[in-house]
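Data block for query.pdb (PDB, C-alpha atoms and all ligand atoms):
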ATOM      1  CA  HIS A   1     202.827 140.354 181.104  1.00  0.00           C
ATOM      2  CA  ARG A   2     204.764 141.907 183.969  1.00  0.00           C
ATOM      3  CA  SER A   3     206.591 139.929 186.617  1.00  0.00           C
ATOM      4  CA  GLU A   4     206.798 141.015 190.276  1.00  0.00           C
ATOM      5  CA  GLU A   5     210.201 142.608 189.699  1.00  0.00           C
ATOM      6  CA  ASP A   6     208.784 144.786 186.971  1.00  0.00           C
ATOM      7  CA  ASN A   7     206.408 146.459 189.397  1.00  0.00           C
ATOM      8  CA  TYR A   8     207.997 149.865 189.754  1.00  0.00           C
ATOM      9  CA  ASP A   9     207.125 153.434 188.837  1.00  0.00           C
ATOM     10  CA  HIS A  10     210.570 154.558 187.674  1.00  0.00           C
ATOM     11  CA  PHE A  11     213.760 152.870 186.545  1.00  0.00           C
ATOM     12  CA  PHE A  12     217.120 154.621 187.043  1.00  0.00           C
ATOM     13  CA  LYS A  13     220.505 153.376 185.942  1.00  0.00           C
ATOM     14  CA  ILE A  14     223.419 154.698 187.968  1.00  0.00           C
ATOM     15  CA  VAL A  15     227.047 154.046 187.045  1.00  0.00           C
ATOM     16  CA  LEU A  16     229.999 153.981 189.417  1.00  0.00           C
ATOM     17  CA  ILE A  17     233.156 155.327 187.832  1.00  0.00           C
ATOM     18  CA  GLY A  18     236.639 155.987 189.110  1.00  0.00           C
ATOM     19  CA  ASP A  19     240.098 154.450 189.257  1.00  0.00           C
ATOM     20  CA  SER A  20     240.709 150.921 190.392  1.00  0.00           C
ATOM     21  CA  SER A  21     240.909 150.574 194.220  1.00  0.00           C
ATOM     22  CA  VAL A  22     239.164 153.854 195.114  1.00  0.00           C
ATOM     23  CA  GLY A  23     236.400 151.799 196.787  1.00  0.00           C
ATOM     24  CA  LYS A  24     233.602 151.594 194.199  1.00  0.00           C
ATOM     25  CA  SER A  25     232.757 147.944 194.883  1.00  0.00           C
ATOM     26  CA  ASN A  26     232.805 148.495 198.638  1.00  0.00           C
ATOM     27  CA  LEU A  27     230.511 151.521 198.395  1.00  0.00           C
ATOM     28  CA  LEU A  28     228.099 149.359 196.432  1.00  0.00           C
ATOM     29  CA  SER A  29     228.281 146.367 198.785  1.00  0.00           C
ATOM     30  CA  ARG A  30     227.990 148.653 201.806  1.00  0.00           C
ATOM     31  CA  PHE A  31     224.855 150.208 200.360  1.00  0.00           C
ATOM     32  CA  CYS A  32     223.226 147.025 199.049  1.00  0.00           C
ATOM     33  CA  HIS A  33     224.304 144.412 201.626  1.00  0.00           C
ATOM     34  CA  ASN A  34     225.813 146.481 204.462  1.00  0.00           C
ATOM     35  CA  LYS A  35     229.088 144.641 203.889  1.00  0.00           C
ATOM     36  CA  PHE A  36     232.697 145.766 203.640  1.00  0.00           C
ATOM     37  CA  THR A  37     235.745 143.743 202.668  1.00  0.00           C
ATOM     38  CA  LEU A  38     239.399 144.481 203.339  1.00  0.00           C
ATOM     39  CA  GLU A  39     240.552 142.376 200.441  1.00  0.00           C
ATOM     40  CA  PHE A  40     241.002 144.034 197.136  1.00  0.00           C
ATOM     41  CA  ASN A  41     238.995 142.009 194.621  1.00  0.00           C
ATOM     42  CA  SER A  42     239.504 143.676 191.329  1.00  0.00           C
ATOM     43  CA  THR A  43     236.107 143.764 189.654  1.00  0.00           C
ATOM     44  CA  VAL A  44     236.165 141.705 186.500  1.00  0.00           C
ATOM     45  CA  GLY A  45     234.290 143.370 183.689  1.00  0.00           C
ATOM     46  CA  VAL A  46     230.922 144.851 184.553  1.00  0.00           C
ATOM     47  CA  GLU A  47     228.454 143.912 187.266  1.00  0.00           C
ATOM     48  CA  PHE A  48     225.279 145.521 188.431  1.00  0.00           C
ATOM     49  CA  ILE A  49     222.999 145.284 191.430  1.00  0.00           C
ATOM     50  CA  SER A  50     219.326 146.229 191.443  1.00  0.00           C
ATOM     51  CA  LYS A  51     217.594 147.686 194.455  1.00  0.00           C
ATOM     52  CA  THR A  52     214.215 149.298 194.984  1.00  0.00           C
ATOM     53  CA  LEU A  53     213.837 152.552 196.893  1.00  0.00           C
ATOM     54  CA  ASN A  54     210.744 154.549 197.781  1.00  0.00           C
ATOM     55  CA  ILE A  55     210.359 158.266 197.173  1.00  0.00           C
ATOM     56  CA  ASP A  56     207.057 160.127 197.570  1.00  0.00           C
ATOM     57  CA  GLY A  57     205.256 156.774 197.696  1.00  0.00           C
ATOM     58  CA  LYS A  58     206.743 155.795 194.340  1.00  0.00           C
ATOM     59  CA  VAL A  59     208.764 152.638 193.808  1.00  0.00           C
ATOM     60  CA  ILE A  60     212.076 153.400 192.152  1.00  0.00           C
ATOM     61  CA  MET A  61     214.019 150.518 190.646  1.00  0.00           C
ATOM     62  CA  VAL A  62     217.671 151.489 190.817  1.00  0.00           C
ATOM     63  CA  GLN A  63     220.257 149.551 188.860  1.00  0.00           C
ATOM     64  CA  ILE A  64     223.785 150.372 189.981  1.00  0.00           C
ATOM     65  CA  TRP A  65     226.632 149.424 187.647  1.00  0.00           C
ATOM     66  CA  ASP A  66     230.134 148.693 188.859  1.00  0.00           C
ATOM     67  CA  THR A  67     233.243 148.139 186.787  1.00  0.00           C
ATOM     68  CA  SER A  68     236.969 147.842 187.119  1.00  0.00           C
ATOM     69  CA  GLY A  69     238.861 150.895 185.891  1.00  0.00           C
ATOM     70  CA  HIS A  70     240.959 148.554 183.800  1.00  0.00           C
ATOM     71  CA  LYS A  71     241.942 149.656 180.331  1.00  0.00           C
ATOM     72  CA  LYS A  72     240.231 146.672 178.696  1.00  0.00           C
ATOM     73  CA  VAL A  73     236.976 148.083 179.985  1.00  0.00           C
ATOM     74  CA  ARG A  74     237.536 151.246 177.956  1.00  0.00           C
ATOM     75  CA  ALA A  75     236.025 149.376 175.008  1.00  0.00           C
ATOM     76  CA  ILE A  76     232.702 148.986 176.784  1.00  0.00           C
ATOM     77  CA  THR A  77     232.513 152.661 177.764  1.00  0.00           C
ATOM     78  CA  ASP A  78     229.627 153.484 175.484  1.00  0.00           C
ATOM     79  CA  ALA A  79     227.530 150.504 176.596  1.00  0.00           C
ATOM     80  CA  TYR A  80     228.356 151.277 180.204  1.00  0.00           C
ATOM     81  CA  TYR A  81     227.131 154.856 179.962  1.00  0.00           C
ATOM     82  CA  ARG A  82     224.166 154.102 177.688  1.00  0.00           C
ATOM     83  CA  GLY A  83     220.889 154.923 179.383  1.00  0.00           C
ATOM     84  CA  ALA A  84     222.585 156.055 182.589  1.00  0.00           C
ATOM     85  CA  THR A  85     220.534 158.635 184.477  1.00  0.00           C
ATOM     86  CA  GLY A  86     223.147 159.119 187.186  1.00  0.00           C
ATOM     87  CA  ALA A  87     226.878 158.755 187.719  1.00  0.00           C
ATOM     88  CA  LEU A  88     228.968 158.631 190.868  1.00  0.00           C
ATOM     89  CA  ILE A  89     232.544 159.661 190.129  1.00  0.00           C
ATOM     90  CA  VAL A  90     234.674 158.258 192.925  1.00  0.00           C
ATOM     91  CA  TYR A  91     238.228 159.118 193.935  1.00  0.00           C
ATOM     92  CA  ASP A  92     240.308 158.112 196.955  1.00  0.00           C
ATOM     93  CA  VAL A  93     241.123 161.037 199.273  1.00  0.00           C
ATOM     94  CA  THR A  94     244.500 159.430 200.014  1.00  0.00           C
ATOM     95  CA  SER A  95     245.555 159.395 196.355  1.00  0.00           C
ATOM     96  CA  HIS A  96     245.976 162.546 194.313  1.00  0.00           C
ATOM     97  CA  ILE A  97     246.199 160.686 190.993  1.00  0.00           C
ATOM     98  CA  THR A  98     242.716 159.244 191.495  1.00  0.00           C
ATOM     99  CA  PHE A  99     241.433 162.811 191.894  1.00  0.00           C
ATOM    100  CA  LEU A 100     243.112 163.904 188.646  1.00  0.00           C
ATOM    101  CA  ASN A 101     241.626 160.875 186.903  1.00  0.00           C
ATOM    102  CA  ALA A 102     238.199 161.713 188.314  1.00  0.00           C
ATOM    103  CA  GLN A 103     238.488 165.044 186.483  1.00  0.00           C
ATOM    104  CA  ARG A 104     239.320 163.204 183.249  1.00  0.00           C
ATOM    105  CA  LEU A 105     236.458 160.784 183.755  1.00  0.00           C
ATOM    106  CA  LEU A 106     234.082 163.685 184.187  1.00  0.00           C
ATOM    107  CA  ALA A 107     235.166 165.125 180.842  1.00  0.00           C
ATOM    108  CA  ASP A 108     234.680 161.655 179.337  1.00  0.00           C
ATOM    109  CA  LEU A 109     231.230 161.444 180.821  1.00  0.00           C
ATOM    110  CA  TRP A 110     230.125 164.742 179.289  1.00  0.00           C
ATOM    111  CA  ASN A 111     231.229 163.322 175.925  1.00  0.00           C
ATOM    112  CA  HIS A 112     229.559 159.905 176.225  1.00  0.00           C
ATOM    113  CA  GLY A 113     226.613 160.344 178.509  1.00  0.00           C
ATOM    114  CA  ASP A 114     223.187 161.859 178.348  1.00  0.00           C
ATOM    115  CA  PRO A 115     223.598 165.625 178.910  1.00  0.00           C
ATOM    116  CA  ASN A 116     220.891 165.419 181.597  1.00  0.00           C
ATOM    117  CA  ILE A 117     222.802 162.829 183.609  1.00  0.00           C
ATOM    118  CA  VAL A 118     223.047 163.678 187.329  1.00  0.00           C
ATOM    119  CA  VAL A 119     226.669 163.487 188.441  1.00  0.00           C
ATOM    120  CA  MET A 120     228.007 163.447 191.991  1.00  0.00           C
ATOM    121  CA  LEU A 121     231.646 163.648 193.036  1.00  0.00           C
ATOM    122  CA  ILE A 122     232.611 161.250 195.830  1.00  0.00           C
ATOM    123  CA  GLY A 123     235.802 161.438 197.891  1.00  0.00           C
ATOM    124  CA  ASN A 124     236.004 157.993 199.492  1.00  0.00           C
ATOM    125  CA  LYS A 125     238.143 156.663 202.405  1.00  0.00           C
ATOM    126  CA  SER A 126     237.395 159.682 204.610  1.00  0.00           C
ATOM    127  CA  ASP A 127     238.211 157.461 207.610  1.00  0.00           C
ATOM    128  CA  VAL A 128     241.937 157.575 206.780  1.00  0.00           C
ATOM    129  CA  ARG A 129     242.930 160.778 208.551  1.00  0.00           C
ATOM    130  CA  HIS A 130     246.727 160.503 208.503  1.00  0.00           C
ATOM    131  CA  SER A 131     247.365 160.336 204.767  1.00  0.00           C
ATOM    132  CA  VAL A 132     244.843 162.643 203.142  1.00  0.00           C
ATOM    133  CA  MET A 133     246.225 163.916 199.841  1.00  0.00           C
ATOM    134  CA  VAL A 134     243.063 165.595 198.558  1.00  0.00           C
ATOM    135  CA  SER A 135     241.586 167.913 201.169  1.00  0.00           C
ATOM    136  CA  THR A 136     237.860 168.444 201.565  1.00  0.00           C
ATOM    137  CA  GLU A 137     238.310 172.035 200.332  1.00  0.00           C
ATOM    138  CA  VAL A 138     240.017 170.941 197.106  1.00  0.00           C
ATOM    139  CA  GLY A 139     237.321 168.342 196.361  1.00  0.00           C
ATOM    140  CA  LYS A 140     234.578 170.780 197.195  1.00  0.00           C
ATOM    141  CA  SER A 141     235.911 173.627 195.071  1.00  0.00           C
ATOM    142  CA  PHE A 142     236.307 171.385 192.018  1.00  0.00           C
ATOM    143  CA  ALA A 143     232.734 170.131 192.494  1.00  0.00           C
ATOM    144  CA  GLU A 144     231.462 173.704 192.817  1.00  0.00           C
ATOM    145  CA  LYS A 145     233.265 174.744 189.643  1.00  0.00           C
ATOM    146  CA  GLU A 146     231.565 171.852 187.804  1.00  0.00           C
ATOM    147  CA  SER A 147     228.192 172.344 189.560  1.00  0.00           C
ATOM    148  CA  LEU A 148     228.239 168.847 191.053  1.00  0.00           C
ATOM    149  CA  GLN A 149     227.072 167.673 194.438  1.00  0.00           C
ATOM    150  CA  PHE A 150     230.068 166.604 196.512  1.00  0.00           C
ATOM    151  CA  VAL A 151     230.195 164.122 199.392  1.00  0.00           C
ATOM    152  CA  GLU A 152     233.071 162.512 201.279  1.00  0.00           C
ATOM    153  CA  THR A 153     232.352 158.922 202.253  1.00  0.00           C
ATOM    154  CA  SER A 154     233.809 155.973 204.074  1.00  0.00           C
ATOM    155  CA  ALA A 155     232.683 152.557 202.882  1.00  0.00           C
ATOM    156  CA  LEU A 156     234.699 151.171 205.804  1.00  0.00           C
ATOM    157  CA  ARG A 157     232.848 153.129 208.499  1.00  0.00           C
ATOM    158  CA  ALA A 158     229.590 153.385 206.517  1.00  0.00           C
ATOM    159  CA  THR A 159     229.799 157.186 206.621  1.00  0.00           C
ATOM    160  CA  ASN A 160     227.542 158.998 204.128  1.00  0.00           C
ATOM    161  CA  VAL A 161     227.198 155.909 201.927  1.00  0.00           C
ATOM    162  CA  GLU A 162     223.439 155.700 202.159  1.00  0.00           C
ATOM    163  CA  LYS A 163     223.230 159.470 201.786  1.00  0.00           C
ATOM    164  CA  VAL A 164     225.079 159.372 198.462  1.00  0.00           C
ATOM    165  CA  PHE A 165     222.746 156.840 196.863  1.00  0.00           C
ATOM    166  CA  ILE A 166     219.582 158.375 198.308  1.00  0.00           C
ATOM    167  CA  ASP A 167     220.647 161.892 197.271  1.00  0.00           C
ATOM    168  CA  ILE A 168     221.456 160.948 193.684  1.00  0.00           C
ATOM    169  CA  VAL A 169     218.225 158.981 193.273  1.00  0.00           C
ATOM    170  CA  ASP A 170     216.338 161.879 194.782  1.00  0.00           C
ATOM    171  CA  GLU A 171     217.938 164.394 192.421  1.00  0.00           C
ATOM    172  CA  ILE A 172     217.260 162.200 189.362  1.00  0.00           C
ATOM    173  CA  TYR A 173     213.655 161.804 190.499  1.00  0.00           C
ATOM    174  CA  ARG A 174     213.165 165.556 190.973  1.00  0.00           C
ATOM    175  CA  ASN A 175     214.638 166.264 187.535  1.00  0.00           C
ATOM    176  CA  ARG A 176     212.182 163.828 185.945  1.00  0.00           C
ATOM    177  CA  ILE A 177     208.903 164.971 187.495  1.00  0.00           C
TER
HETATM  178  P1  LIG B   1     237.358 149.438 193.521  1.00  0.00           P
HETATM  179  O1  LIG B   1     238.495 148.897 192.730  1.00  0.00           O
HETATM  180  O2  LIG B   1     237.142 150.891 193.226  1.00  0.00           O
HETATM  181  O3  LIG B   1     236.105 148.633 193.384  1.00  0.00           O
HETATM  182  O4  LIG B   1     237.793 149.398 195.077  1.00  0.00           O
HETATM  183  P2  LIG B   1     237.414 148.324 196.215  1.00  0.00           P
HETATM  184  O5  LIG B   1     236.033 148.552 196.712  1.00  0.00           O
HETATM  185  O6  LIG B   1     237.731 146.950 195.754  1.00  0.00           O
HETATM  186  O7  LIG B   1     238.415 148.773 197.375  1.00  0.00           O
HETATM  187  C1  LIG B   1     239.826 148.792 197.168  1.00  0.00           C
HETATM  188  C2  LIG B   1     240.553 148.720 198.503  1.00  0.00           C
HETATM  189  O8  LIG B   1     240.271 149.875 199.285  1.00  0.00           O
HETATM  190  C3  LIG B   1     240.129 147.511 199.365  1.00  0.00           C
HETATM  191  O9  LIG B   1     241.273 147.045 200.048  1.00  0.00           O
HETATM  192  C4  LIG B   1     239.147 148.099 200.361  1.00  0.00           C
HETATM  193  O10 LIG B   1     239.135 147.396 201.572  1.00  0.00           O
HETATM  194  C5  LIG B   1     239.687 149.520 200.532  1.00  0.00           C
HETATM  195  N1  LIG B   1     238.613 150.491 200.829  1.00  0.00           N
HETATM  196  C6  LIG B   1     237.475 150.691 200.133  1.00  0.00           C
HETATM  197  N2  LIG B   1     236.724 151.661 200.694  1.00  0.00           N
HETATM  198  C7  LIG B   1     237.422 152.089 201.776  1.00  0.00           C
HETATM  199  C8  LIG B   1     237.176 153.073 202.781  1.00  0.00           C
HETATM  200  O11 LIG B   1     236.152 153.786 202.823  1.00  0.00           O
HETATM  201  N3  LIG B   1     238.153 153.250 203.735  1.00  0.00           N
HETATM  202  C9  LIG B   1     239.291 152.493 203.746  1.00  0.00           C
HETATM  203  N4  LIG B   1     240.169 152.733 204.716  1.00  0.00           N
HETATM  204  N5  LIG B   1     239.556 151.554 202.814  1.00  0.00           N
HETATM  205  C10 LIG B   1     238.631 151.351 201.848  1.00  0.00           C
HETATM  206 MG    MG B   2     235.749 147.024 192.151  1.00  0.00          MG
END
Same coordinates, now as structure tokens:
Amino acid sequence: HRSEEDNYDHFFKIVLIGDSSVGKSNLLSRFCHNKFTLEFNSTVGVEFISKTLNIDGKVIMVQIWDTSGHKKVRAITDAYYRGATGALIVYDVTSHITFLNAQRLLADLWNHGDPNIVVMLIGNKSDVRHSVMVSTEVGKSFAEKESLQFVETSALRATNVEKVFIDIVDEIYRNRI
């Protein structure tokens, strides 16, 4: 017996990873509810949102997982990555440390995740022009070295947010068919 929600052609799990406060939760709420919040609500534990998208007339059920970058969550790393078909590694363009940690998280991902996982590098907060610490060129060249797609986003201004989710789902879909 299948319920209405089970009526899809493909199921993809996508995980959001990156330091606390880089904007993961806002990217997700911008994409799923077209909402942004100025308050910093540290995500407690793990949450996910499901959304259906259409590609080539197929219904894709996308489950997007969000977590705090808190150390306690380290323990759930394996469960978090299990079954993930895609990962968005997010850093904050105004914080160099979050970019260094994104590089560590990528190494972590290659160790824990499915080797076929589609990974995209996301430089968020592109709206903040005056205090950019990680230039577009630096983000781009790291992504090229690692053969990742790279996009700069602003959850605040809704710049490239939809593109990121559509592009990753599209790439996962093309790898599967
Ligand atoms: P998370 O810890 O990675 O989930 O980060 P949040 O989504 O909670 O965002 C942390 C803080 O950064 C909040 O104060 C947000 O309002 C802010 N923020 C998130 N995305 C953007 C963005 O694109 N531009 C700007 N200027 N601020 C952002
Ligand atoms: Mg969060």
Excluding same-chain residues fewer than 3 positions from stretch 156-168 of chain A, what lies within 6 Å of it counting only C-alpha atoms, as a PDB file with C-alpha atoms, in the frame of the given file?
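New file result.pdb:
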ATOM      1  CA  PHE A  31     224.855 150.208 200.360  1.00  0.00           C
ATOM      2  CA  THR A 153     232.352 158.922 202.253  1.00  0.00           C
ATOM      3  CA  GLU A 171     217.938 164.394 192.421  1.00  0.00           C
TER       4      GLU A 171
END
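The spacing separating atom CA of A:Asp66 from atom N4 of ligand LIG 1 (chain B) amounts to 19.2 Å.
Between ligand LIG 1 (chain B) and the residues A:Ser29, A:Asn101, A:Thr85, A:Asn7, the shortest atom-to-atom distance, using only C-alpha atoms and all ligand atoms, involves A:Ser29.
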How would you write, as a CSV table (one decimal) with C-alpha atoms, in the coordinates of the input, the residues chosen by the PyMOL selection byres (((chain A and resi 129-144) around 10) and not hetatm) on this structure?
chain,number,residue,atom,x,y,z
A,91,TYR,CA,238.2,159.1,193.9
A,92,ASP,CA,240.3,158.1,197.0
A,93,VAL,CA,241.1,161.0,199.3
A,94,THR,CA,244.5,159.4,200.0
A,95,SER,CA,245.6,159.4,196.4
A,96,HIS,CA,246.0,162.5,194.3
A,97,ILE,CA,246.2,160.7,191.0
A,98,THR,CA,242.7,159.2,191.5
A,99,PHE,CA,241.4,162.8,191.9
A,103,GLN,CA,238.5,165.0,186.5
A,119,VAL,CA,226.7,163.5,188.4
A,120,MET,CA,228.0,163.4,192.0
A,121,LEU,CA,231.6,163.6,193.0
A,122,ILE,CA,232.6,161.2,195.8
A,123,GLY,CA,235.8,161.4,197.9
A,125,LYS,CA,238.1,156.7,202.4
A,126,SER,CA,237.4,159.7,204.6
A,127,ASP,CA,238.2,157.5,207.6
A,128,VAL,CA,241.9,157.6,206.8
A,145,LYS,CA,233.3,174.7,189.6
A,146,GLU,CA,231.6,171.9,187.8
A,147,SER,CA,228.2,172.3,189.6
A,148,LEU,CA,228.2,168.8,191.1
A,149,GLN,CA,227.1,167.7,194.4
A,150,PHE,CA,230.1,166.6,196.5
A,151,VAL,CA,230.2,164.1,199.4
A,152,GLU,CA,233.1,162.5,201.3
Between atom O10 of ligand LIG 1 (chain B) and atom CA of A:Asn26, what is the distance in Å, rounded to a tenth?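 Atom-to-atom, atom O10 of ligand LIG 1 (chain B) to atom CA of A:Asn26, that is 7.1 Å.
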Which residues, written as a ChimeraX atom specification, have at least one atom at most 9 Å from A:Asn175, with all atoms listed in the file counted and residues fewer than 3 positions away on the same chain left out? /A:116,118,170-172
Interatomic distance between atom CA of A:Lys24 and atom CA of A:Leu109?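 These atoms are spaced 16.8 Å apart.
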For this structure, which residues satisfy the selection - the PyMOL selection byres (((not hetatm)) within 6 of (chain B and resi 1)) - when it is evaluated on the file as given? I want them as a PDB file with C-alpha atoms, in the coordinates of the input.
ATOM      1  CA  SER A  20     240.709 150.921 190.392  1.00  0.00           C
ATOM      2  CA  SER A  21     240.909 150.574 194.220  1.00  0.00           C
ATOM      3  CA  VAL A  22     239.164 153.854 195.114  1.00  0.00           C
ATOM      4  CA  GLY A  23     236.400 151.799 196.787  1.00  0.00           C
ATOM      5  CA  LYS A  24     233.602 151.594 194.199  1.00  0.00           C
ATOM      6  CA  SER A  25     232.757 147.944 194.883  1.00  0.00           C
ATOM      7  CA  ASN A  26     232.805 148.495 198.638  1.00  0.00           C
ATOM      8  CA  THR A  37     235.745 143.743 202.668  1.00  0.00           C
ATOM      9  CA  LEU A  38     239.399 144.481 203.339  1.00  0.00           C
ATOM     10  CA  GLU A  39     240.552 142.376 200.441  1.00  0.00           C
ATOM     11  CA  PHE A  40     241.002 144.034 197.136  1.00  0.00           C
ATOM     12  CA  ASN A  41     238.995 142.009 194.621  1.00  0.00           C
ATOM     13  CA  SER A  42     239.504 143.676 191.329  1.00  0.00           C
ATOM     14  CA  SER A  68     236.969 147.842 187.119  1.00  0.00           C
ATOM     15  CA  ASN A 124     236.004 157.993 199.492  1.00  0.00           C
ATOM     16  CA  LYS A 125     238.143 156.663 202.405  1.00  0.00           C
ATOM     17  CA  ASP A 127     238.211 157.461 207.610  1.00  0.00           C
ATOM     18  CA  VAL A 128     241.937 157.575 206.780  1.00  0.00           C
ATOM     19  CA  SER A 154     233.809 155.973 204.074  1.00  0.00           C
ATOM     20  CA  ALA A 155     232.683 152.557 202.882  1.00  0.00           C
ATOM     21  CA  LEU A 156     234.699 151.171 205.804  1.00  0.00           C
TER      22      LEU A 156
END
Where does the PyMOL selection byres (((chain A and resi 64) around 10) and not hetatm) land in this file, that is, which residues does it pick, as a PDB file with C-alpha atoms, in the frame of the given file?
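Output below, filename result-v2.pdb:
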ATOM      1  CA  PHE A  12     217.120 154.621 187.043  1.00  0.00           C
ATOM      2  CA  LYS A  13     220.505 153.376 185.942  1.00  0.00           C
ATOM      3  CA  ILE A  14     223.419 154.698 187.968  1.00  0.00           C
ATOM      4  CA  VAL A  15     227.047 154.046 187.045  1.00  0.00           C
ATOM      5  CA  LEU A  16     229.999 153.981 189.417  1.00  0.00           C
ATOM      6  CA  LEU A  28     228.099 149.359 196.432  1.00  0.00           C
ATOM      7  CA  CYS A  32     223.226 147.025 199.049  1.00  0.00           C
ATOM      8  CA  GLU A  47     228.454 143.912 187.266  1.00  0.00           C
ATOM      9  CA  PHE A  48     225.279 145.521 188.431  1.00  0.00           C
ATOM     10  CA  ILE A  49     222.999 145.284 191.430  1.00  0.00           C
ATOM     11  CA  SER A  50     219.326 146.229 191.443  1.00  0.00           C
ATOM     12  CA  LYS A  51     217.594 147.686 194.455  1.00  0.00           C
ATOM     13  CA  MET A  61     214.019 150.518 190.646  1.00  0.00           C
ATOM     14  CA  VAL A  62     217.671 151.489 190.817  1.00  0.00           C
ATOM     15  CA  GLN A  63     220.257 149.551 188.860  1.00  0.00           C
ATOM     16  CA  TRP A  65     226.632 149.424 187.647  1.00  0.00           C
ATOM     17  CA  ASP A  66     230.134 148.693 188.859  1.00  0.00           C
ATOM     18  CA  ALA A  84     222.585 156.055 182.589  1.00  0.00           C
ATOM     19  CA  GLY A  86     223.147 159.119 187.186  1.00  0.00           C
ATOM     20  CA  ALA A  87     226.878 158.755 187.719  1.00  0.00           C
ATOM     21  CA  LEU A  88     228.968 158.631 190.868  1.00  0.00           C
ATOM     22  CA  PHE A 165     222.746 156.840 196.863  1.00  0.00           C
TER      23      PHE A 165
END
Kindly list the centre and edge lengths in Å, rounded to one decimal, for the axis-aligned box that covers all listed atoms of stretch 59-66 of chain A plus 3 Å on each of its six sides, as JSON.
{"center_x": 219.4, "center_y": 151.0, "center_z": 190.7, "size_x": 27.4, "size_y": 10.7, "size_z": 12.2}
For A:Asp56, the nearest of the candidates A:Arg104, A:Arg174, A:His33, A:Arg82, counting only C-alpha atoms: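 With only C-alpha atoms as the atom set, the closest residue is A:Arg174.
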A:Thr67, A:Asp108, A:Asp114, A:Arg176 ranked by distance to ligand MG 2 (chain B), top pick (using all atoms listed in the file): A:Thr67
Which of these, A:Val169, A:Leu53, A:Val90, A:Leu100, has the shortest distance to ligand MG 2 (chain B) once you count only C-alpha atoms and all ligand atoms?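 Of A:Val169, A:Leu53, A:Val90, A:Leu100, the one nearest ligand MG 2 (chain B), counting only C-alpha atoms and all ligand atoms, is A:Val90.
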Between A:Ile177, A:Gly57, A:Asp19, A:Arg30, which has the minimum distance to ligand MG 2 (chain B) (counting only C-alpha atoms and all ligand atoms)? A:Asp19
For stretch 81-110 of chain A in the structure I just supplied, write out C-alpha atoms - as a PDB file, in the first residue's frame.
ATOM      1  CA  TYR A  81      25.501  10.994   5.577  1.00  0.00           C
ATOM      2  CA  ARG A  82      23.919   7.548   5.190  1.00  0.00           C
ATOM      3  CA  GLY A  83      22.022   7.264   1.933  1.00  0.00           C
ATOM      4  CA  ALA A  84      22.823  10.832   0.907  1.00  0.00           C
ATOM      5  CA  THR A  85      22.887  11.273  -2.865  1.00  0.00           C
ATOM      6  CA  GLY A  86      23.920  14.920  -2.688  1.00  0.00           C
ATOM      7  CA  ALA A  87      25.701  17.323  -0.367  1.00  0.00           C
ATOM      8  CA  LEU A  88      25.833  21.103  -0.278  1.00  0.00           C
ATOM      9  CA  ILE A  89      28.959  22.279   1.521  1.00  0.00           C
ATOM     10  CA  VAL A  90      28.289  25.831   2.644  1.00  0.00           C
ATOM     11  CA  TYR A  91      30.710  28.498   3.835  1.00  0.00           C
ATOM     12  CA  ASP A  92      30.230  32.198   4.566  1.00  0.00           C
ATOM     13  CA  VAL A  93      32.114  34.476   2.146  1.00  0.00           C
ATOM     14  CA  THR A  94      32.702  36.926   5.006  1.00  0.00           C
ATOM     15  CA  SER A  95      34.491  34.348   7.163  1.00  0.00           C
ATOM     16  CA  HIS A  96      37.721  32.688   6.120  1.00  0.00           C
ATOM     17  CA  ILE A  97      37.563  30.046   8.863  1.00  0.00           C
ATOM     18  CA  THR A  98      34.266  28.732   7.496  1.00  0.00           C
ATOM     19  CA  PHE A  99      35.995  28.257   4.133  1.00  0.00           C
ATOM     20  CA  LEU A 100      38.851  26.305   5.743  1.00  0.00           C
ATOM     21  CA  ASN A 101      36.305  24.175   7.588  1.00  0.00           C
ATOM     22  CA  ALA A 102      34.423  23.569   4.343  1.00  0.00           C
ATOM     23  CA  GLN A 103      37.638  22.013   3.010  1.00  0.00           C
ATOM     24  CA  ARG A 104      37.829  19.759   6.079  1.00  0.00           C
ATOM     25  CA  LEU A 105      34.182  18.813   5.754  1.00  0.00           C
ATOM     26  CA  LEU A 106      34.760  17.827   2.156  1.00  0.00           C
ATOM     27  CA  ALA A 107      37.548  15.470   3.206  1.00  0.00           C
ATOM     28  CA  ASP A 108      35.196  14.080   5.867  1.00  0.00           C
ATOM     29  CA  LEU A 109      32.505  13.570   3.288  1.00  0.00           C
ATOM     30  CA  TRP A 110      34.769  11.548   1.000  1.00  0.00           C
TER      31      TRP A 110
END
